[in-house]
file protein_13.cif (mmCIF, C-alpha atoms)
data_structure
#
loop_
_atom_site.group_PDB
_atom_site.id
_atom_site.type_symbol
_atom_site.label_atom_id
_atom_site.label_comp_id
_atom_site.auth_asym_id
_atom_site.auth_seq_id
_atom_site.Cartn_x
_atom_site.Cartn_y
_atom_site.Cartn_z
ATOM 1 C CA MET A 1 11.089 -33.631 -16.101
ATOM 2 C CA SER A 2 7.535 -34.756 -16.716
ATOM 3 C CA ASN A 3 5.171 -33.095 -19.185
ATOM 4 C CA TYR A 4 2.948 -31.935 -16.312
ATOM 5 C CA GLN A 5 5.847 -30.146 -14.592
ATOM 6 C CA GLN A 6 6.791 -28.386 -17.834
ATOM 7 C CA GLN A 7 3.217 -27.172 -18.249
ATOM 8 C CA GLN A 8 3.148 -25.882 -14.657
ATOM 9 C CA GLU A 9 6.388 -23.949 -15.189
ATOM 10 C CA ASN A 10 4.858 -22.088 -18.154
ATOM 11 C CA ILE A 11 1.860 -20.851 -16.122
ATOM 12 C CA THR A 12 1.799 -17.391 -14.550
ATOM 13 C CA LYS A 13 -0.850 -16.470 -11.981
ATOM 14 C CA PHE A 14 -2.553 -13.059 -12.279
ATOM 15 C CA GLU A 15 -5.187 -11.262 -10.237
ATOM 16 C CA PHE A 16 -8.130 -9.243 -11.559
ATOM 17 C CA LEU A 17 -9.647 -6.862 -8.998
ATOM 18 C CA LEU A 18 -12.623 -4.513 -9.249
ATOM 19 C CA SER A 19 -13.265 -2.435 -6.137
ATOM 20 C CA LEU A 20 -15.405 0.486 -5.034
ATOM 21 C CA GLU A 21 -13.614 2.732 -2.534
ATOM 22 C CA GLY A 22 -11.549 -0.144 -1.161
ATOM 23 C CA HIS A 23 -14.456 -2.597 -1.002
ATOM 24 C CA ILE A 24 -13.993 -5.585 -3.294
ATOM 25 C CA VAL A 25 -16.717 -5.940 -5.919
ATOM 26 C CA CYS A 26 -15.043 -8.778 -7.806
ATOM 27 C CA GLN A 27 -11.702 -10.524 -7.344
ATOM 28 C CA ARG A 28 -10.517 -13.406 -9.487
ATOM 29 C CA PHE A 29 -7.207 -15.166 -9.912
ATOM 30 C CA PHE A 30 -6.474 -16.544 -13.345
ATOM 31 C CA ASN A 31 -3.625 -18.419 -14.984
ATOM 32 C CA VAL A 32 -1.883 -17.437 -18.192
ATOM 33 C CA ARG A 33 0.046 -20.094 -20.036
ATOM 34 C CA ASP A 34 3.173 -18.923 -21.893
ATOM 35 C CA HIS A 35 2.947 -15.374 -20.533
ATOM 36 C CA VAL A 36 4.796 -12.743 -22.578
ATOM 37 C CA SER A 37 6.153 -10.130 -20.141
ATOM 38 C CA ASP A 38 6.020 -7.301 -22.703
ATOM 39 C CA SER A 39 2.260 -7.797 -23.032
ATOM 40 C CA ARG A 40 1.787 -6.029 -19.690
ATOM 41 C CA ARG A 41 2.898 -2.774 -21.324
ATOM 42 C CA SER A 42 0.901 -3.178 -24.531
ATOM 43 C CA MET A 43 -1.639 -0.750 -25.918
ATOM 44 C CA ASP A 44 -3.953 -3.716 -26.473
ATOM 45 C CA LEU A 45 -4.207 -4.291 -22.726
ATOM 46 C CA TYR A 46 -4.707 -0.578 -22.103
ATOM 47 C CA HIS A 47 -7.528 -0.372 -24.671
ATOM 48 C CA TYR A 48 -9.177 -3.535 -23.377
ATOM 49 C CA LEU A 49 -9.271 -2.212 -19.811
ATOM 50 C CA LYS A 50 -10.475 1.198 -21.016
ATOM 51 C CA ASN A 51 -13.332 -0.432 -22.976
ATOM 52 C CA PHE A 52 -14.196 -2.626 -19.989
ATOM 53 C CA CYS A 53 -14.569 0.459 -17.764
ATOM 54 C CA GLU A 54 -16.649 2.212 -20.419
ATOM 55 C CA ASP A 55 -18.940 -0.842 -20.635
ATOM 56 C CA ILE A 56 -19.497 -0.796 -16.876
ATOM 57 C CA SER A 57 -20.205 2.943 -17.012
ATOM 58 C CA GLU A 58 -22.685 2.442 -19.835
ATOM 59 C CA ASP A 59 -24.468 -0.342 -17.908
ATOM 60 C CA LEU A 60 -24.661 1.895 -14.832
ATOM 61 C CA LYS A 61 -26.002 4.757 -16.912
ATOM 62 C CA ILE A 62 -28.800 2.560 -18.271
ATOM 63 C CA LYS A 63 -29.585 1.194 -14.793
ATOM 64 C CA SER A 64 -29.647 4.753 -13.415
ATOM 65 C CA SER A 65 -32.036 5.848 -16.115
ATOM 66 C CA ASN A 66 -34.307 2.899 -15.371
ATOM 67 C CA TYR A 67 -34.140 3.598 -11.635
ATOM 68 C CA LEU A 68 -35.054 7.257 -12.143
ATOM 69 C CA CYS A 69 -37.979 6.347 -14.413
ATOM 70 C CA GLU A 70 -39.299 3.755 -11.981
ATOM 71 C CA ASN A 71 -39.045 6.161 -9.038
ATOM 72 C CA GLN A 72 -39.932 9.429 -10.706
ATOM 73 C CA ASN A 73 -42.992 10.090 -8.534
ATOM 74 C CA TYR A 74 -40.969 9.737 -5.350
ATOM 75 C CA ILE A 75 -38.142 11.896 -6.715
ATOM 76 C CA LEU A 76 -40.480 14.630 -7.998
ATOM 77 C CA ASN A 77 -42.351 14.789 -4.679
ATOM 78 C CA SER A 78 -39.263 14.598 -2.472
ATOM 79 C CA GLU A 79 -37.997 17.760 -0.803
ATOM 80 C CA ASN A 80 -34.447 16.458 -0.313
ATOM 81 C CA VAL A 81 -33.361 15.815 -3.884
ATOM 82 C CA GLU A 82 -29.940 17.426 -3.344
ATOM 83 C CA GLU A 83 -29.172 15.247 -0.329
ATOM 84 C CA GLY A 84 -25.547 14.151 -0.024
ATOM 85 C CA VAL A 85 -23.991 17.010 -1.997
ATOM 86 C CA ASP A 86 -21.049 17.152 0.421
ATOM 87 C CA ALA A 87 -20.617 13.380 0.484
ATOM 88 C CA PRO A 88 -17.205 12.057 -0.593
ATOM 89 C CA LYS A 89 -16.979 11.187 -4.275
ATOM 90 C CA GLU A 90 -16.647 7.428 -4.771
ATOM 91 C CA HIS A 91 -14.647 5.802 -7.550
ATOM 92 C CA PHE A 92 -14.317 2.335 -9.010
ATOM 93 C CA LEU A 93 -10.817 0.897 -9.342
ATOM 94 C CA VAL A 94 -9.852 -1.892 -11.741
ATOM 95 C CA GLU A 95 -6.449 -3.482 -11.207
ATOM 96 C CA LEU A 96 -4.458 -6.260 -12.795
ATOM 97 C CA LYS A 97 -1.737 -7.710 -10.606
ATOM 98 C CA LEU A 98 1.144 -10.089 -10.974
ATOM 99 C CA GLY A 99 1.870 -11.168 -7.425
ATOM 100 C CA GLU A 100 1.720 -7.965 -5.373
ATOM 101 C CA ASP A 101 2.766 -5.813 -8.347
ATOM 102 C CA VAL A 102 -0.081 -3.766 -9.856
ATOM 103 C CA PHE A 103 0.971 -3.397 -13.485
ATOM 104 C CA ILE A 104 -2.140 -1.665 -14.815
ATOM 105 C CA GLN A 105 -5.042 0.079 -13.130
ATOM 106 C CA ARG A 106 -7.913 2.273 -14.152
ATOM 107 C CA VAL A 107 -10.061 4.561 -11.991
ATOM 108 C CA PHE A 108 -13.492 5.762 -13.055
ATOM 109 C CA PRO A 109 -16.224 7.680 -11.214
ATOM 110 C CA ALA A 110 -18.988 5.937 -9.323
ATOM 111 C CA PHE A 111 -20.525 9.057 -7.781
ATOM 112 C CA TYR A 112 -22.324 9.897 -11.045
ATOM 113 C CA TYR A 113 -24.753 7.060 -10.383
ATOM 114 C CA HIS A 114 -27.397 6.677 -7.728
ATOM 115 C CA PRO A 115 -26.104 4.670 -4.725
ATOM 116 C CA LYS A 116 -28.781 2.008 -5.213
ATOM 117 C CA VAL A 117 -27.456 1.544 -8.745
ATOM 118 C CA ARG A 118 -23.693 1.715 -8.187
ATOM 119 C CA TYR A 119 -23.828 -0.910 -5.436
ATOM 120 C CA THR A 120 -25.511 -3.390 -7.793
ATOM 121 C CA VAL A 121 -22.582 -3.773 -10.210
ATOM 122 C CA ASP A 122 -22.483 -7.407 -11.305
ATOM 123 C CA ILE A 123 -19.881 -8.471 -13.841
ATOM 124 C CA ARG A 124 -20.237 -12.208 -13.180
ATOM 125 C CA PRO A 125 -22.124 -12.915 -16.430
ATOM 126 C CA LYS A 126 -19.247 -11.323 -18.383
ATOM 127 C CA LEU A 127 -16.402 -12.567 -16.197
ATOM 128 C CA LYS A 128 -15.541 -15.716 -18.153
ATOM 129 C CA ARG A 129 -15.170 -13.715 -21.378
ATOM 130 C CA ILE A 130 -13.189 -10.965 -19.636
ATOM 131 C CA LEU A 131 -10.669 -13.368 -18.106
ATOM 132 C CA SER A 132 -10.392 -15.274 -21.382
ATOM 133 C CA ASP A 133 -9.680 -12.049 -23.280
ATOM 134 C CA LEU A 134 -7.115 -10.961 -20.701
ATOM 135 C CA THR A 135 -5.451 -14.366 -20.928
ATOM 136 C CA ASP A 136 -5.269 -14.056 -24.715
ATOM 137 C CA ILE A 137 -3.732 -10.583 -24.510
ATOM 138 C CA LEU A 138 -1.200 -11.523 -21.819
ATOM 139 C CA SER A 139 -0.008 -14.562 -23.779
ATOM 140 C CA SER A 140 0.113 -12.935 -27.207
ATOM 141 C CA GLU A 141 3.322 -11.906 -28.914
ATOM 142 C CA GLU A 142 1.636 -9.822 -31.606
ATOM 143 C CA LEU A 143 0.566 -6.734 -29.690
ATOM 144 C CA GLU A 144 0.783 -3.000 -30.262
ATOM 145 C CA MET A 145 3.842 -1.847 -28.333
ATOM 146 C CA THR A 146 4.165 1.743 -29.549
ATOM 147 C CA TYR A 147 2.373 4.911 -28.574
ATOM 148 C CA LEU A 148 2.999 8.186 -30.428
ATOM 149 C CA ASP A 149 6.219 6.768 -31.897
ATOM 150 C CA TYR A 150 7.455 5.708 -28.440
ATOM 151 C CA LYS A 151 8.259 2.084 -27.744
ATOM 152 C CA LEU A 152 6.544 0.942 -24.558
#
call {"tool": "encode", "arguments": {"input": "protein_13.cif", "output": "C-alpha cells"}}
result
Amino acid sequence: MSNYQQQQENITKFEFLLSLEGHIVCQRFFNVRDHVSDSRRSMDLYHYLKNFCEDISEDLKIKSSNYLCENQNYILNSENVEEGVDAPKEHFLVELKLGEDVFIQRVFPAFYYHPKVRYTVDIRPKLKRILSDLTDILSSEELEMTYLDYKL
C-alpha cells in the first residue's frame, strides 16, 4: 500500500454547520487526520462550542448596540417600537456532524437581536481558526473525558 493511501485511510471527514431557523449561515466540510473517536464526547469539545456560541452572541450584542445608537432618532420617533411581539422566536443552531450523525449541537437565541443585525452574522474571518481548533480537538488523545465524576 502506498504512503498516499495510508494517509487517506487516516482521514475522517466532518461537517461544521451554523444555521438560523433552518437557513444555512455557514457550512464547511473539514478533514481530521488520525481522528480519536472518544474526542467527540470530550468536555473540551463541549467548552469550545459553548465559547464559540458566546463569542457570536457577544459580537451580535455589540452590533445591536451600534445599530441602536446609529438609528436612535428613528427608533425614538417611531410609533411602532413593539412591532413583531408575536413573531416566532428564532434561534441559531451549531452542529458538528460525522456523516449524517450529529454528535454535538448547540442552540442559542437569535431573537434577542434586531433582525438587521442577526442576519449579518459573518464568521468567515474566524473560520480558519475555528476549523483548525476543531481539528486539533478531534485528533487529540489528551482530552477531559469526565464530568462530575462520570466518564463520558
call {"tool": "resolve_selection", "arguments": {"input": "protein_13.cif", "expression": "the PyMOL selection byres ((chain A and resi 136-143) around 12)", "output": "ChimeraX atom specification"}}
result
/A:10-14,30-49,96-98,103,129-135,144-147,151-152
call {"tool": "resolve_selection", "arguments": {"input": "protein_13.cif", "expression": "the PyMOL selection byres ((chain A and resi 95) around 9)", "output": "PyMOL selection string"}}
result
chain A and resi 15-19+93-94+96-97+102-107
call {"tool": "write_last_selection", "arguments": {"input": "protein_13.cif", "atoms": "C-alpha atoms", "output": "mmCIF file, in the coordinates of the input"}}
result
data_model
loop_
_atom_site.group_PDB
_atom_site.id
_atom_site.type_symbol
_atom_site.label_atom_id
_atom_site.label_comp_id
_atom_site.auth_asym_id
_atom_site.auth_seq_id
_atom_site.Cartn_x
_atom_site.Cartn_y
_atom_site.Cartn_z
ATOM 1 C CA GLU A 15 -5.187 -11.262 -10.237
ATOM 2 C CA PHE A 16 -8.130 -9.243 -11.559
ATOM 3 C CA LEU A 17 -9.647 -6.862 -8.998
ATOM 4 C CA LEU A 18 -12.623 -4.513 -9.249
ATOM 5 C CA SER A 19 -13.265 -2.435 -6.137
ATOM 6 C CA LEU A 93 -10.817 0.897 -9.342
ATOM 7 C CA VAL A 94 -9.852 -1.892 -11.741
ATOM 8 C CA LEU A 96 -4.458 -6.260 -12.795
ATOM 9 C CA LYS A 97 -1.737 -7.710 -10.606
ATOM 10 C CA VAL A 102 -0.081 -3.766 -9.856
ATOM 11 C CA PHE A 103 0.971 -3.397 -13.485
ATOM 12 C CA ILE A 104 -2.140 -1.665 -14.815
ATOM 13 C CA GLN A 105 -5.042 0.079 -13.130
ATOM 14 C CA ARG A 106 -7.913 2.273 -14.152
ATOM 15 C CA VAL A 107 -10.061 4.561 -11.991
#
call {"tool": "closest_residue", "arguments": {"input": "protein_13.cif", "among": "A:Cys26, A:Ser64, A:Lys89, A:Leu20", "to": "A:Pro125", "atoms": "all atoms listed in the file"}}
result
A:Cys26
call {"tool": "atom_distance", "arguments": {"input": "protein_13.cif", "atom1": "atom CA of A:Pro109", "atom2": "atom CA of A:Lys61"}}
result
11.7 Å
call {"tool": "atom_distance", "arguments": {"input": "protein_13.cif", "atom1": "atom CA of A:Ile56", "atom2": "atom CA of A:Phe108"}}
result
9.7 Å
call {"tool": "closest_residue", "arguments": {"input": "protein_13.cif", "among": "A:Ala110, A:Leu148, A:Val121, A:Ile24", "to": "A:Asp59", "atoms": "only C-alpha atoms"}}
result
A:Val121
call {"tool": "atom_distance", "arguments": {"input": "protein_13.cif", "atom1": "atom CA of A:Pro115", "atom2": "atom CA of A:Asp55"}}
result
18.3 Å
call {"tool": "closest_residue", "arguments": {"input": "protein_13.cif", "among": "A:Phe52, A:Phe92, A:Tyr150, A:Tyr113", "to": "A:Val25", "atoms": "all atoms listed in the file"}}
result
A:Phe92
call {"tool": "build_atoms", "arguments": {"input": "protein_13.cif", "residues": "stretch 40-53 of chain A", "atoms": "N, CA, C and O atoms", "output": "JSON list (two decimals), keeping the file's coordinate frame"}}
result
[["chain", "number", "residue", "atom", "x", "y", "z"],
["A", 40, "ARG", "N", 2.30, -6.85, -20.79],
["A", 40, "ARG", "CA", 1.79, -6.03, -19.69],
["A", 40, "ARG", "C", 1.91, -4.54, -19.98],
["A", 40, "ARG", "O", 1.25, -3.73, -19.34],
["A", 41, "ARG", "N", 2.73, -4.18, -20.95],
["A", 41, "ARG", "CA", 2.90, -2.77, -21.32],
["A", 41, "ARG", "C", 2.26, -2.46, -22.67],
["A", 41, "ARG", "O", 2.49, -1.39, -23.23],
["A", 42, "SER", "N", 1.45, -3.35, -23.18],
["A", 42, "SER", "CA", 0.90, -3.18, -24.53],
["A", 42, "SER", "C", -0.29, -2.23, -24.56],
["A", 42, "SER", "O", -1.01, -2.07, -23.57],
["A", 43, "MET", "N", -0.48, -1.62, -25.70],
["A", 43, "MET", "CA", -1.64, -0.75, -25.92],
["A", 43, "MET", "C", -2.92, -1.59, -25.99],
["A", 43, "MET", "O", -3.99, -1.10, -25.64],
["A", 44, "ASP", "N", -2.79, -2.83, -26.40],
["A", 44, "ASP", "CA", -3.95, -3.72, -26.47],
["A", 44, "ASP", "C", -4.57, -3.91, -25.08],
["A", 44, "ASP", "O", -5.80, -3.85, -24.92],
["A", 45, "LEU", "N", -3.73, -4.12, -24.10],
["A", 45, "LEU", "CA", -4.21, -4.29, -22.73],
["A", 45, "LEU", "C", -4.83, -2.99, -22.22],
["A", 45, "LEU", "O", -5.89, -3.00, -21.60],
["A", 46, "TYR", "N", -4.18, -1.88, -22.50],
["A", 46, "TYR", "CA", -4.71, -0.58, -22.10],
["A", 46, "TYR", "C", -6.10, -0.35, -22.70],
["A", 46, "TYR", "O", -7.03, 0.03, -21.99],
["A", 47, "HIS", "N", -6.24, -0.59, -24.01],
["A", 47, "HIS", "CA", -7.53, -0.37, -24.67],
["A", 47, "HIS", "C", -8.59, -1.34, -24.16],
["A", 47, "HIS", "O", -9.76, -0.97, -24.02],
["A", 48, "TYR", "N", -8.20, -2.57, -23.88],
["A", 48, "TYR", "CA", -9.18, -3.54, -23.38],
["A", 48, "TYR", "C", -9.72, -3.08, -22.02],
["A", 48, "TYR", "O", -10.93, -3.11, -21.78],
["A", 49, "LEU", "N", -8.83, -2.66, -21.13],
["A", 49, "LEU", "CA", -9.27, -2.21, -19.81],
["A", 49, "LEU", "C", -10.10, -0.93, -19.91],
["A", 49, "LEU", "O", -11.09, -0.77, -19.19],
["A", 50, "LYS", "N", -9.72, -0.04, -20.80],
["A", 50, "LYS", "CA", -10.48, 1.20, -21.02],
["A", 50, "LYS", "C", -11.89, 0.88, -21.50],
["A", 50, "LYS", "O", -12.88, 1.42, -20.99],
["A", 51, "ASN", "N", -12.01, -0.04, -22.46],
["A", 51, "ASN", "CA", -13.33, -0.43, -22.98],
["A", 51, "ASN", "C", -14.16, -1.14, -21.91],
["A", 51, "ASN", "O", -15.37, -0.96, -21.84],
["A", 52, "PHE", "N", -13.51, -1.95, -21.08],
["A", 52, "PHE", "CA", -14.20, -2.63, -19.99],
["A", 52, "PHE", "C", -14.82, -1.60, -19.03],
["A", 52, "PHE", "O", -15.99, -1.73, -18.66],
["A", 53, "CYS", "N", -14.06, -0.59, -18.66],
["A", 53, "CYS", "CA", -14.57, 0.46, -17.76],
["A", 53, "CYS", "C", -15.70, 1.24, -18.42],
["A", 53, "CYS", "O", -16.69, 1.58, -17.76]]
